[in-house]
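Chemist: Have a look at this one.
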There are 2 protein chains.
Amino acid sequence: MLVKKPHYNVAIAGATGAVGRKMLAILEERGFPVGNLKVLASVRSVGQTLSFKGSPVTVEELTENSFEGVDIALFSAGSSASRQFGPSAVKSGCIVIDNSSAFRMEEGIPLVVPEVNPDAIGSDPGIIANPNCSTIQMVVALKPIHDKFKIKRVVVSTYQSVSGSGQKAINELEDQTRKLLDGKAVKPDVYPHQIAFNCVPHIDIFLDNGYTKEEMKMVEETRKILGDSSIQVSPTTVRVPVFYSHSESVNVETEKPISAREVKELLSAAAGILVVDNPEDCEYPLAIDATDRDEVFVGRIRDDISCENAINFWVVSDNLRKGAALNAVQIAEHLISR
Amino acid sequence: MLVKKPHYNVAIAGATGAVGRKMLAILEERGFPVGNLKVLASVRSVGQTLSFKGSPVTVEELTENSFEGVDIALFSAGSSASRQFGPSAVKSGCIVIDNSSAFRMEEGIPLVVPEVNPDAIGSDPGIIANPNCSTIQMVVALKPIHDKFKIKRVVVSTYQSVSGSGQKAINELEDQTRKLLDGKAVKPDVYPHQIAFNCVPHIDIFLDNGYTKEEMKMVEETRKILGDSSIQVSPTTVRVPVFYSHSESVNVETEKPISAREVKELLSAAAGILVVDNPEDCEYPLAIDATDRDEVFVGRIRDDISCENAINFWVVSDNLRKGAALNAVQIAEHLISR
């Protein structure tokens, strides 16, 4: 239980990564009442300086003793760091908001998108899990549809940017692109194949059922967040040569009769969503427009011509913001506003 | 009716375009028995020189009188040129294989993918239409599935390369990419929005039902080619920053029970298809691998976990070859082999 205070001591674990830096920036941007701030990372980043509200903050080593006196810890240091240090952070009395996949599907751990299921957070949370980026933007759009029309089945194909794989992948896309334009050969490193000027239908590892872990996250996390294990999801996740923001082509079949007109109205009034849907003026969501924005952008909303009670839409969001850092900070905001 | 001869007089209308040049190259590559060759284009290209079997061929103006003595004319000069000159070419006694969308859905005009429906070509064809690129690669993969399991519904999302919009679009992607890497602003020209490092869910014009013309081609052409108007198709077509080859994420629901295992076997034995499906070794179809190849590449074949009697797969093919020029030449080969 978080005691109300004018300021909260905050720690960021994995502060030097792409998402960690965004977390720091978003805390500042949104005026989160930060008291004492700790920026934590692995030993090789110790001594680096980050900036918060114009002042330097020195990176300290992430250890089991890092969380004394901390109220809220935002973790984005990978699953193994979350497993190693998350429970001791909770023991120190702080609430952990964890961006890794370590605890997402664990019974009793809330998996939260604040616009969708804030009430999943109990009165005395220890760890709160932040969902996977490709799931977050989809469920923000699905939630109002599910509430009104009851979703039966979702078929989704993603167009995911490289920033979801961190700074090294951003560098790899840039480097490969330059080399190819100069007629030079490229050698993949972060990804199993060339990502520049290519589409790679492989994100995270392959599982026995032929789906990737990223795809199965979209199935399982969607059910957990929407609180309905009857929702069927058929995902294909694909990495594309885009730096920031994920796009998704989503087909939704519902129990009740649904129409594009109703969905447009519904999503236009929904929290966290910006409907951009004037195809006649070439207006629809685009990765380059969603980048550095907070909203989940939805457009190309249209009746499915192949099936009764179904629609198609195109949803785009900044995977580092709403897909990760912003969603985590919004969970923290929810905690202190209760 | 094409009379059997040792050589056939061939004309290419639109010979200087991206597809026209491929047609010329593929005729040479495959040893098509070309007698007299005419390369035709609009007046501004007249006098340009192309090369065929090591000899120069001079571009002549495409007119109504271009087709005297021509046996087979391959058209890829756009719909209005096909409408203007196609019928007069037929009147001159030649068979027109037309890559434009002008006649595709016209009653009595065969719409042909040689691996799928060669028998749609009657004994005395005038114009034979070549389907849209995104449709061709999909139906090559769907045909064996439809024959064995009867397709009810297809949900498809495409990842289409810029070469589908011609040489200007190829230049635009290259130019925008260079500028953005140099930190300069870009101004779209061929496309309504920046295509470099972006995904644009808009190909061809928007229709009243909210779908694009490209999307509706995938619906209507699929039905015509597979000869079954009961097949339902729900398409989303997207342009991605890839130079060559289209990728597609395809979900197929069938009447009869289907399994990924059976589909893998079926497609492995099918003409024109190369199954690349060893995810454990990171082997699946990729745009960069399909480029300059003739086959339709299929992989990521897996049971749909959201629905009975359904599968997912990923299909990739060179849109300028199998999606356009190669398919047209294969139609010509079929004509002379009958």
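If you're wondering about the labels, chains in the structure tokens are A, B, ... by order shown, residues count from 1 in each chain, ligands from 1 in order shown.
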I need the contact residues of chain B against chain A, so if you could list those with any atom within 6 Å, counting only C-alpha atoms, and return them as a VMD selection string, that would help.

Modeler: chain B and resid 197 to 198 210 232 to 234 241 to 242 287 302 306

Chemist: In Å to one decimal, how far is CA of Glu220 (chain B) from CA of Ile95 (chain B)?

Modeler: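 According to the coordinates, CA of Ile95 (chain B) and CA of Glu220 (chain B) are separated by 24.0 Å.
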
Chemist: Please list as a PyMOL selection string every residue within 12 Å of Lys22 (chain A), counting only C-alpha atoms and excluding residues in the same chain fewer than 2 positions away.

Modeler: chain A and resi 12+14-20+24-30+50-52+74+76+163+166+292+318-329

Chemist: Excluding region 99-106 of chain A and any residue of its chain fewer than 4 positions from it, enumerate the residues within 6 Å of it, using only C-alpha atoms, and give them as number ranges by chain.

Modeler: A: 75-76, 78-79, 111, 129-130

Chemist: Where does DSSP see strand (DSSP E or B) in region 200-232 of chain B, if you list the residues as a PDB file with N, CA and C atoms, in the first residue's frame?

Modeler:
ATOM      1  N   VAL B 200       2.849   2.480 -45.029  1.00  0.00           N
ATOM      2  CA  VAL B 200       1.711   3.278 -45.508  1.00  0.00           C
ATOM      3  C   VAL B 200       0.562   2.345 -45.924  1.00  0.00           C
ATOM      4  N   PHE B 206      -8.805   4.965 -52.801  1.00  0.00           N
ATOM      5  CA  PHE B 206      -9.834   4.479 -51.874  1.00  0.00           C
ATOM      6  C   PHE B 206     -11.194   4.416 -52.565  1.00  0.00           C
ATOM      7  N   THR B 212      -9.177  -0.045 -50.395  1.00  0.00           N
ATOM      8  CA  THR B 212      -8.514   0.518 -51.572  1.00  0.00           C
ATOM      9  C   THR B 212      -8.806  -0.374 -52.775  1.00  0.00           C
ATOM     10  N   GLN B 232     -14.415 -15.866 -49.529  1.00  0.00           N
ATOM     11  CA  GLN B 232     -14.432 -14.555 -48.882  1.00  0.00           C
ATOM     12  C   GLN B 232     -13.000 -14.116 -48.608  1.00  0.00           C
TER      13      GLN B 232
END

Chemist: Of the candidates B:Val96, B:Val296, B:Val39, B:Cys133, which one gets nearest to Glu214 (chain B) if we count only C-alpha atoms?

Modeler: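 Using only C-alpha atoms, the shortest distance to Glu214 (chain B) belongs to B:Cys133.
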
Chemist: Mind checking DSSP for region 118-229 of chain B and telling me the alpha helix (DSSP H) residues as a ChimeraX atom specification?

Modeler: /B:133-149,167-181,213-226
